[in-house]
Every structure is written in structure tokens, then in C-alpha cells.
file entry_19.txt (compact mmCIF, C-alpha atoms)
# COMPACT_ATOMS: atom_id res chain seq x y z
CA MET A 1 196.94 77.10 107.61
CA SER A 2 197.63 75.76 111.11
CA ASN A 3 196.18 72.39 112.04
CA THR A 4 195.74 73.36 115.69
CA CYS A 5 193.14 75.43 117.54
CA ALA A 6 194.13 79.11 117.75
CA LEU A 7 193.11 79.18 121.41
CA CYS A 8 193.91 75.84 123.09
CA ASN A 9 196.37 74.47 120.49
CA ALA A 10 194.51 71.15 120.32
CA GLU A 11 194.75 69.35 117.00
CA LEU A 12 191.80 70.18 114.76
CA THR A 13 189.51 67.42 113.54
CA SER A 14 187.70 67.21 110.22
CA ILE A 15 184.51 68.27 112.04
CA ASP A 16 186.25 71.41 113.36
CA THR A 17 187.20 72.51 109.85
CA LEU A 18 184.05 71.36 108.07
CA LEU A 19 183.15 73.93 105.36
CA GLY A 20 185.31 76.50 107.13
CA GLU A 21 182.63 77.03 109.79
CA ASN A 22 185.16 77.74 112.56
CA LYS A 23 187.54 79.93 110.57
CA LEU A 24 188.66 83.31 111.94
CA SER A 25 189.26 86.54 110.01
CA ASP A 26 193.05 86.12 110.01
CA GLY A 27 193.03 82.50 108.88
CA GLY A 28 193.12 80.69 112.21
CA ASN A 29 190.57 78.12 113.33
CA LEU A 30 188.84 77.26 116.59
CA CYS A 31 188.02 73.75 117.73
CA ASN A 32 184.37 73.12 118.49
CA THR A 33 185.08 72.76 122.20
CA CYS A 34 186.50 76.29 122.43
CA LEU A 35 183.79 77.70 120.17
CA ASP A 36 181.00 76.20 122.27
CA LYS A 37 182.60 77.47 125.49
CA LEU A 38 183.09 81.02 124.22
CA SER A 39 179.73 81.26 122.45
CA SER A 40 177.95 80.58 125.75
CA THR A 41 179.04 84.08 126.86
CA HIS A 42 179.33 85.74 123.48
CA GLN A 43 176.45 84.66 121.22
CA GLU A 44 177.64 86.70 118.25
CA LEU A 45 180.49 84.23 117.69
CA LEU A 46 178.03 81.72 116.25
CA ASP A 47 176.67 84.26 113.77
CA ASN A 48 179.75 86.22 112.79
CA LEU A 49 182.82 84.21 113.77
CA HIS A 50 184.61 85.08 110.52
CA SER A 51 184.87 88.74 111.62
CA PHE A 52 186.87 87.88 114.76
CA SER A 53 190.66 87.61 114.75
CA ILE A 54 192.84 85.36 116.89
CA SER A 55 193.71 88.33 119.13
CA ASP A 56 189.98 89.11 119.55
CA ILE A 57 189.32 85.52 120.62
CA LYS A 58 192.22 85.44 123.07
CA LYS A 59 191.14 88.73 124.62
CA LEU A 60 187.61 87.44 124.99
CA ALA A 61 188.87 84.24 126.62
CA GLN A 62 190.99 86.22 129.10
CA THR A 63 188.37 88.80 130.12
CA GLY A 64 185.30 86.59 129.83
CA LYS A 65 183.33 89.68 128.88
CA THR A 66 181.49 90.83 125.81
CA GLU A 67 181.26 94.44 124.71
CA PRO A 68 179.24 96.46 127.24
CA GLU A 69 175.62 96.97 126.31
CA THR A 70 174.79 100.52 125.39
CA GLU A 71 171.49 102.25 125.97
CA GLN A 72 170.78 101.83 122.26
CA LEU A 73 171.10 98.03 122.48
CA MET A 74 168.75 97.95 125.46
CA GLN A 75 166.21 99.98 123.49
CA GLU A 76 166.48 97.52 120.61
CA GLU A 77 165.66 94.64 122.96
CA ASP A 78 162.58 96.51 124.13
CA GLU A 79 161.55 97.00 120.50
CA VAL A 80 161.79 93.25 119.90
CA LYS A 81 159.41 92.58 122.78
CA SER A 82 156.90 95.08 121.42
CA LEU A 83 156.76 93.61 117.90
CA SER A 84 153.72 91.65 116.77
CA THR A 85 153.71 87.96 115.88
CA PHE A 86 155.38 87.12 112.56
CA ILE A 87 158.09 89.03 110.74
CA ASN A 88 158.84 88.77 107.07
CA PRO A 89 162.27 87.06 106.95
CA ASP A 90 163.40 89.32 104.11
CA GLU A 91 162.61 92.40 106.20
CA MET A 92 164.23 91.31 109.47
CA PRO A 93 166.86 93.87 110.55
CA LYS A 94 170.29 92.48 111.39
CA ASP A 95 170.17 93.72 114.97
CA LEU A 96 166.74 92.17 115.50
CA TYR A 97 167.98 88.88 114.08
CA LYS A 98 170.84 88.83 116.59
CA ARG A 99 168.54 89.61 119.51
CA ARG A 100 166.11 86.87 118.47
CA LEU A 101 168.87 84.32 117.98
CA LYS A 102 170.14 85.06 121.47
CA GLU A 103 166.64 84.63 122.92
CA ILE A 104 166.10 81.36 121.02
CA LYS A 105 169.39 79.87 122.18
CA TYR A 106 168.48 80.80 125.74
CA GLN A 107 165.09 79.08 125.36
CA LEU A 108 166.76 75.96 123.97
CA ALA A 109 169.07 75.89 126.97
CA GLN A 110 166.14 76.39 129.36
CA VAL A 111 164.24 73.38 127.98
CA GLY A 112 167.37 71.21 128.16
CA ALA A 113 167.57 70.59 124.41
CA ASN A 114 170.46 68.26 123.58
CA LEU A 115 171.15 69.11 119.95
CA SER A 116 174.06 67.88 117.88
CA MET A 117 176.60 70.27 116.38
CA PHE A 118 175.12 69.46 112.95
CA THR A 119 172.00 71.50 113.82
CA LYS A 120 173.86 74.81 114.01
CA GLY A 121 172.56 75.77 110.58
CA GLU A 122 168.97 75.04 111.62
CA ILE A 123 169.34 77.06 114.82
CA LYS A 124 170.56 80.06 112.83
CA GLU A 125 167.35 79.92 110.76
CA LEU A 126 164.98 79.87 113.76
CA PRO A 127 164.68 83.69 114.13
CA ARG A 128 163.21 83.70 110.62
CA ILE A 129 160.88 80.77 111.33
CA LEU A 130 159.48 81.48 114.80
CA ALA A 131 157.26 84.42 115.62
CA VAL A 132 158.86 86.92 118.01
CA ASP A 133 156.39 85.92 120.73
CA GLU A 134 156.53 82.17 119.99
CA VAL A 135 158.21 80.34 122.87
CA ILE A 136 160.01 77.01 122.51
CA LEU A 137 158.53 74.48 124.96
CA ALA A 138 160.64 71.46 123.95
CA ALA A 139 163.15 70.46 121.30
CA THR A 140 165.10 67.40 120.21
CA ASP A 141 167.44 66.24 117.47
CA ALA A 142 165.24 64.53 114.84
CA GLN A 143 165.00 64.17 111.09
CA PHE A 144 162.61 62.70 108.56
CA LEU A 145 162.91 58.94 108.43
CA LYS A 146 165.26 57.59 105.74
CA THR A 147 166.91 60.94 104.98
CA VAL A 148 170.41 62.22 105.64
CA ASP A 149 169.33 65.76 106.52
CA ALA A 150 170.34 67.05 109.92
CA GLY A 151 167.28 68.33 111.72
CA MET A 152 165.28 69.08 114.84
CA LEU A 153 161.75 69.01 116.15
CA LEU A 154 160.42 71.98 118.12
CA VAL A 155 157.25 72.36 120.15
CA THR A 156 155.64 75.75 120.69
CA PRO A 157 152.21 76.59 122.16
CA LYS A 158 150.74 76.58 118.63
CA ARG A 159 152.51 73.81 116.71
CA ILE A 160 155.21 71.22 116.22
CA ILE A 161 157.86 72.34 113.73
CA SER A 162 160.35 70.25 111.81
CA VAL A 163 163.46 72.16 110.71
CA SER A 164 165.98 70.25 108.58
CA LYS A 165 168.88 71.07 106.33
CA ALA A 166 171.08 68.96 104.10
CA MET A 167 174.61 70.07 103.25
CA PHE A 168 174.66 72.81 100.57
CA SER A 169 170.83 72.90 100.54
CA PRO A 170 168.32 75.45 101.83
CA VAL A 171 166.53 74.85 105.10
CA LYS A 172 163.25 72.90 105.00
CA VAL A 173 160.44 73.80 107.39
CA ASN A 174 157.34 71.69 108.01
CA GLU A 175 154.73 72.66 110.57
CA TYR A 176 151.99 70.60 112.23
CA LEU A 177 149.38 72.82 113.86
CA ASN A 178 147.90 71.68 117.14
CA GLU A 179 144.40 71.49 115.70
CA ASP A 180 145.61 69.14 112.94
CA ILE A 181 147.48 66.69 115.20
CA THR A 182 145.30 63.77 116.28
CA ALA A 183 147.97 61.91 118.28
CA VAL A 184 151.68 61.26 118.67
CA SER A 185 153.37 57.87 119.12
CA TYR A 186 156.81 56.44 119.80
CA VAL A 187 158.66 53.41 118.46
CA ASP A 188 161.47 52.45 120.81
CA HIS A 189 164.82 51.39 119.42
CA GLN A 190 168.22 51.02 121.07
CA MET A 191 169.96 53.20 118.48
CA SER A 192 167.39 55.33 116.67
CA PRO A 193 163.85 55.55 118.09
CA ILE A 194 161.08 57.02 115.95
CA ILE A 195 158.61 59.74 116.88
CA LYS A 196 155.38 59.69 114.85
CA ILE A 197 153.07 62.65 114.36
CA HIS A 198 149.54 61.57 113.43
CA THR A 199 147.18 63.86 111.52
CA GLU A 200 143.81 63.15 109.92
CA ASP A 201 145.33 62.23 106.55
CA ARG A 202 148.86 60.97 107.27
CA ILE A 203 151.52 59.83 109.72
CA VAL A 204 154.93 61.52 109.63
CA ASP A 205 157.96 59.63 111.00
CA PHE A 206 161.01 61.27 112.55
CA GLU A 207 164.17 59.36 113.39
CA CYS A 208 166.15 60.30 116.50
CA PHE A 209 169.60 58.73 116.46
CA PHE A 210 171.66 61.42 118.22
CA ASP A 211 170.40 60.89 121.78
CA ARG A 212 167.85 58.16 122.55
CA LEU A 213 167.19 59.38 126.11
CA ASP A 214 166.59 62.92 124.87
CA ALA A 215 164.11 61.58 122.33
CA GLU A 216 162.28 59.76 125.14
CA ARG A 217 162.19 62.94 127.20
CA PHE A 218 160.83 64.92 124.25
CA TYR A 219 158.14 62.33 123.51
CA GLY A 220 157.18 62.19 127.19
CA PHE A 221 156.49 65.92 126.99
CA ILE A 222 154.48 65.98 123.74
CA GLN A 223 152.39 62.89 124.48
CA LYS A 224 151.01 64.60 127.58
CA ILE A 225 149.81 67.43 125.37
CA TYR A 226 148.49 65.70 122.26
CA ASN A 227 147.46 62.24 123.48
CA GLN A 228 145.69 63.52 126.59
CA GLU A 229 143.72 66.01 124.52
CA LYS A 230 142.62 63.17 122.26
CA ALA A 231 141.64 60.99 125.24
CA GLN A 232 139.69 63.84 126.83
CA LYS A 233 137.85 64.42 123.55
CA LYS A 234 136.84 60.75 123.39
CA ILE A 235 135.65 60.85 127.00
CA GLN A 236 133.56 63.94 126.25
CA GLU A 237 132.10 62.32 123.13
CA ALA A 238 131.24 59.22 125.15
CA LYS A 239 129.53 61.33 127.81
CA GLU A 240 127.47 63.10 125.16
CA ALA A 241 126.47 59.79 123.59
CA THR A 242 125.60 58.05 126.88
CA PRO A 243 121.94 59.27 127.19
CA ASP A 244 121.09 58.02 123.70
CA LEU A 245 122.69 54.63 124.37
CA ILE A 246 120.81 54.24 127.64
CA LEU A 247 117.49 55.05 125.96
CA GLU A 248 118.23 52.33 123.38
CA GLN A 249 118.96 49.86 126.19
CA LEU A 250 115.72 50.77 127.97
CA GLU A 251 113.73 50.12 124.79
CA LYS A 252 115.39 46.73 124.42
CA LEU A 253 114.59 45.90 128.06
CA GLY A 254 110.94 46.85 127.48
CA LYS A 255 110.72 44.48 124.50
CA LEU A 256 112.35 41.67 126.51
CA ARG A 257 109.71 42.11 129.22
CA GLU A 258 106.89 42.22 126.67
CA ASN A 259 108.13 38.98 125.15
CA GLY A 260 108.26 37.34 128.57
CA ILE A 261 112.02 36.96 128.59
CA LEU A 262 112.38 39.26 131.62
CA THR A 263 110.13 39.30 134.66
CA ASN A 264 108.83 42.60 136.02
CA GLU A 265 111.35 42.36 138.89
CA GLU A 266 114.26 41.75 136.51
CA PHE A 267 113.12 44.58 134.26
CA THR A 268 112.87 46.98 137.21
CA GLU A 269 116.34 46.02 138.47
CA GLN A 270 118.04 46.49 135.08
CA LYS A 271 116.15 49.72 134.44
CA LYS A 272 117.40 51.15 137.74
CA LYS A 273 121.02 50.29 136.85
CA LEU A 274 120.72 52.09 133.52
CA LEU A 275 119.06 55.17 135.00
CA ASP A 276 121.75 55.39 137.69
CA GLN A 277 124.30 55.97 134.93
CA LEU A 278 122.53 59.21 134.01
CA SER A 279 122.75 60.67 137.48
call {"tool": "encode", "arguments": {"input": "entry_19.txt", "output": "C-alpha cells"}}
result
Amino acid sequence: MSNTCALCNAELTSIDTLLGENKLSDGGNLCNTCLDKLSSTHQELLDNLHSFSISDIKKLAQTGKTEPETEQLMQEEDEVKSLSTFINPDEMPKDLYKRRLKEIKYQLAQVGANLSMFTKGEIKELPRILAVDEVILAATDAQFLKTVDAGMLLVTPKRIISVSKAMFSPVKVNEYLNEDITAVSYVDHQMSPIIKIHTEDRIVDFECFFDRLDAERFYGFIQKIYNQEKAQKKIQEAKEATPDLILEQLEKLGKLRENGILTNEEFTEQKKKLLDQLS
């Protein structure tokens, strides 16, 4: 087996050949740089690279074109859009999976997700995790604290999802529904900041050591959603409680006047201040 990339002839690294992920059908390998560049125009490379030969890859690099879309493929895309929310992963057709993976990768690019190459396995699982109408609003590289699993955090309109996968292990999915999240918080660190998801019964910590600035950007997005909702709820609760509190204060003022601690003028002045808060 050659130790150089079949396309650019650069020397392959141990990451390029990890578990044979970049291996072609005729035994050649691609470096991750070439694979990332080509997969941006031909998404199927990430799903089915092993079926491509060196000549296929070179032709693709020269033309810069994928196979032309037929009317059948366009109809399949329309069918994806018309499907209802969740699909049983075991029943997902291969063509639908490919369409969804393409859509998901586009959404990740649109939200500026900076994910490490170690999350490729997690990305491939997303069509089976997300509903067909569930849009990714934000994403970042993150994993459960004190684990070695590669992973990511995703935000959709309904939930925050943790997707993680250790080598040779099945993917792990944990979801935190919007109605269960009471707050989010952030612990800054030069190398690996921590994002915390607070629920009524626990706090879940996620470590972000791939890109600190991306973690900050992600937290800046989610804290506007979850922390503002919590603050607004407290404000509303305070507004609802205000009349009862003022009535208690008025009763106390009345007793102070009866006991001669406040004069009539002082009582009237304080009473007016309290009543003004109700207007």
C-alpha cells in the first residue's frame, strides 16, 4: 500500500489512515485535506468513499462535477420535504439517508460549526437522530466531561442534543428538551472551557477542547435562548406576586400608624408610594 495520497501525493499521516476511513476501492488512500476539499462538492464521498477508485477521484478533481441530477433524484428530494417528523432509523431508505446527510452538512456549514475530523462518525448518524423537519440552529465540538469520546452538541428549535462516539463503540445520544432546561452556564478556561446544561434534577457538563472561541460562540447563542427565558419567567412571577406583597406592606403600615410609630402624614406618604407601584 502506498504511503502517499492518491491525488496530491502528499505523505499520509496516521490520522489519514486511521481505521481505513480514507481508503479507496482499489487500495489507494486520500489525505484528509483532499477528502475535505472534494467532499464539499461531492457529499457521497463521506458516506461511500470505499466504492470510488483512484481514477474516479482524479476525474472528479479535474471536472469538479458530480453526476448530473436526474428527474428521479429531484423527486426524491421533494419526497423528503413532504415526510412527517421522525423516521424509524431501521426503516430509512438509503437514498433518503443520503439526501438528509447532505441537508444536515449544509445546515452545519450555514451555522458556522467548527467540528473536528473526529466527529465524522457522529455526523453520519445525524440523519437517524434528527427529524426530517428539525433544523440545526447551532453546533459545537463538545463531549461529556472526563470522557474520551469524540462528540458534539447541537441546538434545534425543540432541544439540545449531545451526540458522542468512542472508537469501536456505538453512538450515544442524549437529549435535553427545552421545557426541561432551566438554565445554561459557562466555565471559561484557556484550553478546555465547560458548557453546563441545568435541569430541575441535575447539571450536565460538556468539555470543549477543540476550539475555545467556537465554544464561546455556541454558548453566546444558547444563553440568549435559555437564560433569557428563565429571567423573563422570574420577572413575570415577580409581577404576579407584586399585588400581594404590596397589600402586606399596607397592612404593616396601618399597624405602625395604630401603634403611633408613624404619623398620619408619614403613613399617607408611604401608602402613596406603594399604591404607585400597582399603576
call {"tool": "atom_distance", "arguments": {"input": "entry_19.txt", "atom1": "atom CA of A:Phe206", "atom2": "atom CA of A:Gly112"}}
result
19.6 Å
call {"tool": "closest_residue", "arguments": {"input": "entry_19.txt", "among": "A:Arg100, A:Asp141, A:Gln228, A:Gln107", "to": "A:Leu126", "atoms": "only C-alpha atoms"}}
result
A:Arg100
call {"tool": "atom_distance", "arguments": {"input": "entry_19.txt", "atom1": "atom CA of A:Val171", "atom2": "atom CA of A:Ile194"}}
result
21.6 Å
call {"tool": "atom_distance", "arguments": {"input": "entry_19.txt", "atom1": "atom CA of A:Lys271", "atom2": "atom CA of A:Leu250"}}
result
6.6 Å
call {"tool": "residues_around", "arguments": {"input": "entry_19.txt", "residues": "A:Leu145", "least_positions_apart": "6", "cutoff": "10 Å", "atoms": "all atoms listed in the file", "output": "PyMOL selection string"}}
result
chain A and resi 194-196+204-208
call {"tool": "closest_residue", "arguments": {"input": "entry_19.txt", "among": "A:Ala131, A:Ile197, A:Leu35, A:Met92", "to": "A:Met117", "atoms": "only C-alpha atoms"}}
result
A:Leu35
call {"tool": "axis_aligned_box", "arguments": {"input": "entry_19.txt", "around": "stretch 116-119 of chain A", "padding_each_side": "8 Å", "output": "AutoDock Vina command-line options"}}
result
--center_x 174.3 --center_y 69.7 --center_z 115.4 --size_x 20.6 --size_y 19.6 --size_z 20.9
call {"tool": "residues_around", "arguments": {"input": "entry_19.txt", "residues": "A:Leu275", "least_positions_apart": "6", "cutoff": "10 Å", "atoms": "only C-alpha atoms", "output": "VMD selection string"}}
result
chain A and resid 243 246 to 247 250
call {"tool": "residues_around", "arguments": {"input": "entry_19.txt", "residues": "A:His50", "least_positions_apart": "2", "cutoff": "6 Å", "atoms": "all atoms listed in the file", "output": "PyMOL selection string"}}
result
chain A and resi 23-25+48+52
call {"tool": "residues_near_point", "arguments": {"input": "entry_19.txt", "point": "(149.9, 60.2, 111.2)", "cutoff": "10 Å", "atoms": "all atoms listed in the file", "output": "mmCIF file with C-alpha atoms, keeping the file's coordinate frame"}}
result
data_model
loop_
_atom_site.group_PDB
_atom_site.id
_atom_site.type_symbol
_atom_site.label_atom_id
_atom_site.label_comp_id
_atom_site.auth_asym_id
_atom_site.auth_seq_id
_atom_site.Cartn_x
_atom_site.Cartn_y
_atom_site.Cartn_z
ATOM 1 C CA ILE A 181 147.480 66.690 115.200
ATOM 2 C CA THR A 182 145.300 63.770 116.280
ATOM 3 C CA ALA A 183 147.970 61.910 118.280
ATOM 4 C CA VAL A 184 151.680 61.260 118.670
ATOM 5 C CA SER A 185 153.370 57.870 119.120
ATOM 6 C CA LYS A 196 155.380 59.690 114.850
ATOM 7 C CA ILE A 197 153.070 62.650 114.360
ATOM 8 C CA HIS A 198 149.540 61.570 113.430
ATOM 9 C CA THR A 199 147.180 63.860 111.520
ATOM 10 C CA GLU A 200 143.810 63.150 109.920
ATOM 11 C CA ASP A 201 145.330 62.230 106.550
ATOM 12 C CA ARG A 202 148.860 60.970 107.270
ATOM 13 C CA ILE A 203 151.520 59.830 109.720
ATOM 14 C CA VAL A 204 154.930 61.520 109.630
ATOM 15 C CA ASP A 205 157.960 59.630 111.000
#
call {"tool": "residues_near_point", "arguments": {"input": "entry_19.txt", "point": "(169.8, 59.5, 115.7)", "cutoff": "12 Å", "atoms": "all atoms listed in the file", "output": "MDAnalysis selection string"}}
result
chainID A and resid 114:116 118 140:152 189:195 206:215
call {"tool": "write_last_selection", "arguments": {"input": "entry_19.txt", "atoms": "C-alpha atoms", "output": "PDB file, in the coordinates of the input"}}
result
ATOM      1  CA  ASN A 114     170.460  68.260 123.580  1.00  0.00           C
ATOM      2  CA  LEU A 115     171.150  69.110 119.950  1.00  0.00           C
ATOM      3  CA  SER A 116     174.060  67.880 117.880  1.00  0.00           C
ATOM      4  CA  PHE A 118     175.120  69.460 112.950  1.00  0.00           C
ATOM      5  CA  THR A 140     165.100  67.400 120.210  1.00  0.00           C
ATOM      6  CA  ASP A 141     167.440  66.240 117.470  1.00  0.00           C
ATOM      7  CA  ALA A 142     165.240  64.530 114.840  1.00  0.00           C
ATOM      8  CA  GLN A 143     165.000  64.170 111.090  1.00  0.00           C
ATOM      9  CA  PHE A 144     162.610  62.700 108.560  1.00  0.00           C
ATOM     10  CA  LEU A 145     162.910  58.940 108.430  1.00  0.00           C
ATOM     11  CA  LYS A 146     165.260  57.590 105.740  1.00  0.00           C
ATOM     12  CA  THR A 147     166.910  60.940 104.980  1.00  0.00           C
ATOM     13  CA  VAL A 148     170.410  62.220 105.640  1.00  0.00           C
ATOM     14  CA  ASP A 149     169.330  65.760 106.520  1.00  0.00           C
ATOM     15  CA  ALA A 150     170.340  67.050 109.920  1.00  0.00           C
ATOM     16  CA  GLY A 151     167.280  68.330 111.720  1.00  0.00           C
ATOM     17  CA  MET A 152     165.280  69.080 114.840  1.00  0.00           C
ATOM     18  CA  HIS A 189     164.820  51.390 119.420  1.00  0.00           C
ATOM     19  CA  GLN A 190     168.220  51.020 121.070  1.00  0.00           C
ATOM     20  CA  MET A 191     169.960  53.200 118.480  1.00  0.00           C
ATOM     21  CA  SER A 192     167.390  55.330 116.670  1.00  0.00           C
ATOM     22  CA  PRO A 193     163.850  55.550 118.090  1.00  0.00           C
ATOM     23  CA  ILE A 194     161.080  57.020 115.950  1.00  0.00           C
ATOM     24  CA  ILE A 195     158.610  59.740 116.880  1.00  0.00           C
ATOM     25  CA  PHE A 206     161.010  61.270 112.550  1.00  0.00           C
ATOM     26  CA  GLU A 207     164.170  59.360 113.390  1.00  0.00           C
ATOM     27  CA  CYS A 208     166.150  60.300 116.500  1.00  0.00           C
ATOM     28  CA  PHE A 209     169.600  58.730 116.460  1.00  0.00           C
ATOM     29  CA  PHE A 210     171.660  61.420 118.220  1.00  0.00           C
ATOM     30  CA  ASP A 211     170.400  60.890 121.780  1.00  0.00           C
ATOM     31  CA  ARG A 212     167.850  58.160 122.550  1.00  0.00           C
ATOM     32  CA  LEU A 213     167.190  59.380 126.110  1.00  0.00           C
ATOM     33  CA  ASP A 214     166.590  62.920 124.870  1.00  0.00           C
ATOM     34  CA  ALA A 215     164.110  61.580 122.330  1.00  0.00           C
TER      35      ALA A 215
END
call {"tool": "closest_residue", "arguments": {"input": "entry_19.txt", "among": "A:Gln270, A:Ser162, A:Gln110, A:Thr33", "to": "A:Lys252", "atoms": "only C-alpha atoms"}}
result
A:Gln270
call {"tool": "residues_around", "arguments": {"input": "entry_19.txt", "residues": "A:Glu134", "least_positions_apart": "4", "cutoff": "10 Å", "atoms": "all atoms listed in the file", "output": "list in words"}}
result
Thr85, Phe86, Ile104, Ile129, Leu130, Val155, Thr156, Pro157, Lys158 and Arg159 of chain A
call {"tool": "write_last_selection", "arguments": {"input": "entry_19.txt", "atoms": "C-alpha atoms", "output": "compact mmCIF listing (two decimals), keeping the file's coordinate frame"}}
result
# COMPACT_ATOMS: atom_id res chain seq x y z
CA THR A 85 153.71 87.96 115.88
CA PHE A 86 155.38 87.12 112.56
CA ILE A 104 166.10 81.36 121.02
CA ILE A 129 160.88 80.77 111.33
CA LEU A 130 159.48 81.48 114.80
CA VAL A 155 157.25 72.36 120.15
CA THR A 156 155.64 75.75 120.69
CA PRO A 157 152.21 76.59 122.16
CA LYS A 158 150.74 76.58 118.63
CA ARG A 159 152.51 73.81 116.71
call {"tool": "build_atoms", "arguments": {"input": "entry_19.txt", "residues": "stretch 189-209 of chain A", "atoms": "N, CA and C atoms", "output": "mmCIF file, in the frame of the given file"}}
result
data_model
loop_
_atom_site.group_PDB
_atom_site.id
_atom_site.type_symbol
_atom_site.label_atom_id
_atom_site.label_comp_id
_atom_site.auth_asym_id
_atom_site.auth_seq_id
_atom_site.Cartn_x
_atom_site.Cartn_y
_atom_site.Cartn_z
ATOM 1 N N HIS A 189 163.731 52.088 120.093
ATOM 2 C CA HIS A 189 164.820 51.390 119.420
ATOM 3 C C HIS A 189 166.107 51.761 120.152
ATOM 4 N N GLN A 190 167.002 50.801 120.302
ATOM 5 C CA GLN A 190 168.220 51.020 121.070
ATOM 6 C C GLN A 190 169.092 52.121 120.472
ATOM 7 N N MET A 191 169.103 52.233 119.144
ATOM 8 C CA MET A 191 169.960 53.200 118.480
ATOM 9 C C MET A 191 169.210 54.430 117.966
ATOM 10 N N SER A 192 168.091 54.209 117.312
ATOM 11 C CA SER A 192 167.390 55.330 116.670
ATOM 12 C C SER A 192 165.877 55.179 116.802
ATOM 13 N N PRO A 193 165.304 55.596 117.925
ATOM 14 C CA PRO A 193 163.850 55.550 118.090
ATOM 15 C C PRO A 193 163.153 56.476 117.096
ATOM 16 N N ILE A 194 161.859 56.243 116.912
ATOM 17 C CA ILE A 194 161.080 57.020 115.950
ATOM 18 C C ILE A 194 159.916 57.701 116.658
ATOM 19 N N ILE A 195 159.756 58.976 116.395
ATOM 20 C CA ILE A 195 158.610 59.740 116.880
ATOM 21 C C ILE A 195 157.651 59.937 115.714
ATOM 22 N N LYS A 196 156.389 59.585 115.917
ATOM 23 C CA LYS A 196 155.380 59.690 114.850
ATOM 24 C C LYS A 196 154.375 60.782 115.197
ATOM 25 N N ILE A 197 154.107 61.631 114.230
ATOM 26 C CA ILE A 197 153.070 62.650 114.360
ATOM 27 C C ILE A 197 151.885 62.229 113.499
ATOM 28 N N HIS A 198 150.738 62.031 114.124
ATOM 29 C CA HIS A 198 149.540 61.570 113.430
ATOM 30 C C HIS A 198 148.625 62.768 113.136
ATOM 31 N N THR A 199 148.201 62.885 111.887
ATOM 32 C CA THR A 199 147.180 63.860 111.520
ATOM 33 C C THR A 199 146.010 63.097 110.900
ATOM 34 N N GLU A 200 144.987 63.811 110.478
ATOM 35 C CA GLU A 200 143.810 63.150 109.920
ATOM 36 C C GLU A 200 144.127 62.370 108.649
ATOM 37 N N ASP A 201 145.087 62.854 107.863
ATOM 38 C CA ASP A 201 145.330 62.230 106.550
ATOM 39 C C ASP A 201 146.677 61.555 106.396
ATOM 40 N N ARG A 202 147.547 61.608 107.422
ATOM 41 C CA ARG A 202 148.860 60.970 107.270
ATOM 42 C C ARG A 202 149.552 60.789 108.605
ATOM 43 N N ILE A 203 150.639 60.010 108.567
ATOM 44 C CA ILE A 203 151.520 59.830 109.720
ATOM 45 C C ILE A 203 152.929 60.184 109.261
ATOM 46 N N VAL A 204 153.590 61.072 109.992
ATOM 47 C CA VAL A 204 154.930 61.520 109.630
ATOM 48 C C VAL A 204 155.928 60.952 110.640
ATOM 49 N N ASP A 205 156.975 60.286 110.140
ATOM 50 C CA ASP A 205 157.960 59.630 111.000
ATOM 51 C C ASP A 205 159.248 60.439 111.077
ATOM 52 N N PHE A 206 159.742 60.582 112.312
ATOM 53 C CA PHE A 206 161.010 61.270 112.550
ATOM 54 C C PHE A 206 161.954 60.345 113.309
ATOM 55 N N GLU A 207 163.171 60.219 112.789
ATOM 56 C CA GLU A 207 164.170 59.360 113.390
ATOM 57 C C GLU A 207 165.061 60.169 114.331
ATOM 58 N N CYS A 208 165.341 59.601 115.492
ATOM 59 C CA CYS A 208 166.150 60.300 116.500
ATOM 60 C C CYS A 208 167.355 59.425 116.865
ATOM 61 N N PHE A 209 168.462 59.611 116.185
ATOM 62 C CA PHE A 209 169.600 58.730 116.460
ATOM 63 C C PHE A 209 170.715 59.419 117.235
#
